[in-house]
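Note: the block below is query25.pdb and it holds PDB, C-alpha atoms, pLDDT in the B column.
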```pdb
ATOM      1  CA  MET A   1     -13.938  21.936   2.276  1.00 79.00           C
ATOM      2  CA  SER A   2     -15.343  20.343  -0.876  1.00 89.00           C
ATOM      3  CA  GLU A   3     -16.685  16.811  -0.978  1.00 90.00           C
ATOM      4  CA  ASP A   4     -14.021  15.923  -3.563  1.00 91.00           C
ATOM      5  CA  LYS A   5     -11.234  17.045  -1.266  1.00 93.00           C
ATOM      6  CA  ILE A   6     -12.723  15.180   1.694  1.00 95.00           C
ATOM      7  CA  ALA A   7     -13.003  12.005  -0.396  1.00 96.00           C
ATOM      8  CA  LEU A   8      -9.411  12.387  -1.601  1.00 96.00           C
ATOM      9  CA  LEU A   9      -8.138  12.916   1.946  1.00 97.00           C
ATOM     10  CA  GLU A  10      -9.961   9.776   3.064  1.00 98.00           C
ATOM     11  CA  LYS A  11      -8.506   7.846   0.124  1.00 98.00           C
ATOM     12  CA  LYS A  12      -5.023   9.147   0.951  1.00 98.00           C
ATOM     13  CA  LYS A  13      -5.362   7.987   4.549  1.00 98.00           C
ATOM     14  CA  GLU A  14      -6.606   4.569   3.403  1.00 98.00           C
ATOM     15  CA  LEU A  15      -3.731   4.141   0.938  1.00 98.00           C
ATOM     16  CA  GLU A  16      -1.135   5.208   3.507  1.00 98.00           C
ATOM     17  CA  ALA A  17      -2.505   2.662   5.984  1.00 98.00           C
ATOM     18  CA  ARG A  18      -2.472  -0.037   3.290  1.00 97.00           C
ATOM     19  CA  LEU A  19       1.141   0.737   2.405  1.00 97.00           C
ATOM     20  CA  GLU A  20       2.172   0.571   6.057  1.00 97.00           C
ATOM     21  CA  LYS A  21       0.491  -2.831   6.454  1.00 95.00           C
ATOM     22  CA  ILE A  22       2.208  -4.112   3.311  1.00 94.00           C
ATOM     23  CA  ARG A  23       5.574  -2.865   4.557  1.00 93.00           C
ATOM     24  CA  GLN A  24       5.021  -4.659   7.861  1.00 92.00           C
ATOM     25  CA  ASP A  25       4.082  -7.881   6.052  1.00 88.00           C
ATOM     26  CA  ILE A  26       7.170  -7.678   3.850  1.00 88.00           C
ATOM     27  CA  ALA A  27       9.425  -6.932   6.824  1.00 89.00           C
ATOM     28  CA  GLY A  28       8.115  -9.930   8.761  1.00 85.00           C
ATOM     29  CA  GLY A  29      10.462 -12.861   9.122  1.00 81.00           C
ATOM     30  CA  LEU A  30      10.197 -16.068   7.159  1.00 82.00           C
ATOM     31  CA  ASN A  31       8.824 -19.250   8.647  1.00 82.00           C
ATOM     32  CA  PRO A  32      11.478 -21.903   9.387  1.00 87.00           C
ATOM     33  CA  ASP A  33       9.304 -24.559   7.707  1.00 87.00           C
ATOM     34  CA  SER A  34      10.506 -24.822   4.100  1.00 85.00           C
ATOM     35  CA  GLU A  35       7.042 -25.302   2.566  1.00 88.00           C
ATOM     36  CA  GLU A  36       5.600 -22.367   4.459  1.00 88.00           C
ATOM     37  CA  ARG A  37       8.663 -20.265   3.605  1.00 87.00           C
ATOM     38  CA  ALA A  38       8.181 -21.040  -0.108  1.00 87.00           C
ATOM     39  CA  THR A  39       4.581 -19.857   0.104  1.00 89.00           C
ATOM     40  CA  GLN A  40       5.667 -16.720   1.935  1.00 87.00           C
ATOM     41  CA  LEU A  41       8.223 -15.940  -0.755  1.00 87.00           C
ATOM     42  CA  GLU A  42       5.611 -16.361  -3.492  1.00 87.00           C
ATOM     43  CA  ASN A  43       3.256 -14.099  -1.569  1.00 88.00           C
ATOM     44  CA  ARG A  44       6.030 -11.550  -1.114  1.00 90.00           C
ATOM     45  CA  ASP A  45       6.266 -11.126  -4.892  1.00 89.00           C
ATOM     46  CA  VAL A  46       2.555 -10.356  -4.962  1.00 93.00           C
ATOM     47  CA  LEU A  47       2.940  -7.950  -2.044  1.00 93.00           C
ATOM     48  CA  TYR A  48       5.691  -6.060  -3.869  1.00 95.00           C
ATOM     49  CA  GLU A  49       3.390  -5.561  -6.843  1.00 96.00           C
ATOM     50  CA  ILE A  50       0.489  -4.474  -4.629  1.00 97.00           C
ATOM     51  CA  GLN A  51       2.877  -2.076  -2.894  1.00 97.00           C
ATOM     52  CA  ARG A  52       3.975  -0.606  -6.221  1.00 98.00           C
ATOM     53  CA  VAL A  53       0.424  -0.109  -7.468  1.00 98.00           C
ATOM     54  CA  THR A  54      -0.731   1.343  -4.144  1.00 98.00           C
ATOM     55  CA  ALA A  55       2.196   3.786  -4.081  1.00 98.00           C
ATOM     56  CA  GLU A  56       1.335   4.922  -7.613  1.00 98.00           C
ATOM     57  CA  GLU A  57      -2.296   5.423  -6.638  1.00 98.00           C
ATOM     58  CA  LEU A  58      -1.236   7.376  -3.538  1.00 98.00           C
ATOM     59  CA  GLU A  59       0.962   9.662  -5.642  1.00 98.00           C
ATOM     60  CA  ALA A  60      -1.958  10.308  -7.996  1.00 98.00           C
ATOM     61  CA  VAL A  61      -4.184  11.215  -5.035  1.00 98.00           C
ATOM     62  CA  LYS A  62      -1.511  13.547  -3.637  1.00 97.00           C
ATOM     63  CA  LYS A  63      -1.124  15.196  -7.029  1.00 97.00           C
ATOM     64  CA  ARG A  64      -4.871  15.708  -7.298  1.00 96.00           C
ATOM     65  CA  LEU A  65      -4.986  17.174  -3.771  1.00 95.00           C
ATOM     66  CA  ASN A  66      -2.235  19.624  -4.706  1.00 95.00           C
ATOM     67  CA  GLN A  67      -4.159  20.643  -7.803  1.00 93.00           C
ATOM     68  CA  ILE A  68      -7.335  21.456  -5.897  1.00 90.00           C
ATOM     69  CA  GLY A  69      -5.450  23.099  -3.051  1.00 79.00           C
TER      70      GLY A  69
END
```
When written as structure tokens, how does the structure in this file appear?
Amino acid sequence: MSEDKIALLEKKKELEARLEKIRQDIAGGLNPDSEERATQLENRDVLYEIQRVTAEELEAVKKRLNQIG
């Protein structure tokens, strides 16, 4: 197996783990304290963007893996 493929497989695993962690964070409940809840909601917007970018990067890695077989 080539070094490129090994690196891509490691990157894929890392991105999948990151996406799972983000999904868990998003799925977590909101704090009953209104100030903390407001902060959580602001952070959730950031998490959605990080999730989007990570998913795009993961798709690019998968595409590259398919190209090199």
Could you give me, as a list in words, the residues within 12 Å of Asn43 of chain A, counting only C-alpha atoms and dropping anything in the same chain fewer than 4 positions from it?
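The residues that qualify are Ile22, Asp25, Ile26, Leu30, Glu36, Arg37, Ala38, Thr39, Leu47, Tyr48, Glu49 and Ile50 of chain A.
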Next, write the just-selected residues to a file, as a compact mmCIF listing (two decimals), in the coordinates of the input, keeping C-alpha atoms as the atom set.
```txt
# COMPACT_ATOMS: atom_id res chain seq x y z
CA ILE A 22 2.21 -4.11 3.31
CA ASP A 25 4.08 -7.88 6.05
CA ILE A 26 7.17 -7.68 3.85
CA LEU A 30 10.20 -16.07 7.16
CA GLU A 36 5.60 -22.37 4.46
CA ARG A 37 8.66 -20.26 3.60
CA ALA A 38 8.18 -21.04 -0.11
CA THR A 39 4.58 -19.86 0.10
CA LEU A 47 2.94 -7.95 -2.04
CA TYR A 48 5.69 -6.06 -3.87
CA GLU A 49 3.39 -5.56 -6.84
CA ILE A 50 0.49 -4.47 -4.63
```
Applying 9 Å and all atoms listed in the file, which residues near segment 6-12 of chain A remain after dropping the ones on its own chain fewer than 2 positions away? List them as an MDAnalysis selection string.
chainID A and resid 1:4 14:17 57:59 61:62 64:65
For segment 41-55 of chain A, I'd like the enclosing box, axis-aligned and padded by 6 Å on every side, reported as AutoDock Vina command-line options with centre and edge lengths in Å to one decimal.
```
--center_x 3.7 --center_y -6.3 --center_z -4.1 --size_x 21.0 --size_y 32.1 --size_z 18.7
```
Atom CA of Glu20 of chain A to atom CA of Ser34 of chain A, straight-line distance in Å
26.8 Å
Quick one: pull the distance between atom CA of Glu56 of chain A and atom CA of Gly28 of chain A, Å, one decimal.
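Computing the Euclidean distance for atom CA of Glu56 of chain A and atom CA of Gly28 of chain A yields 23.1 Å.
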Looking at A:Gln24, A:Asn66, A:Ala60, A:Pro32, which one is nearest to Arg44 of chain A, with distances taken over only C-alpha atoms?
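Selected residue with least distance to Arg44 of chain A: A:Gln24.
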Please measure the separation of atom CA of Thr54 of chain A and atom CA of Leu19 of chain A, giving the value in Å to one decimal.
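Pair atom CA of Thr54 of chain A / atom CA of Leu19 of chain A returns 6.8 Å.
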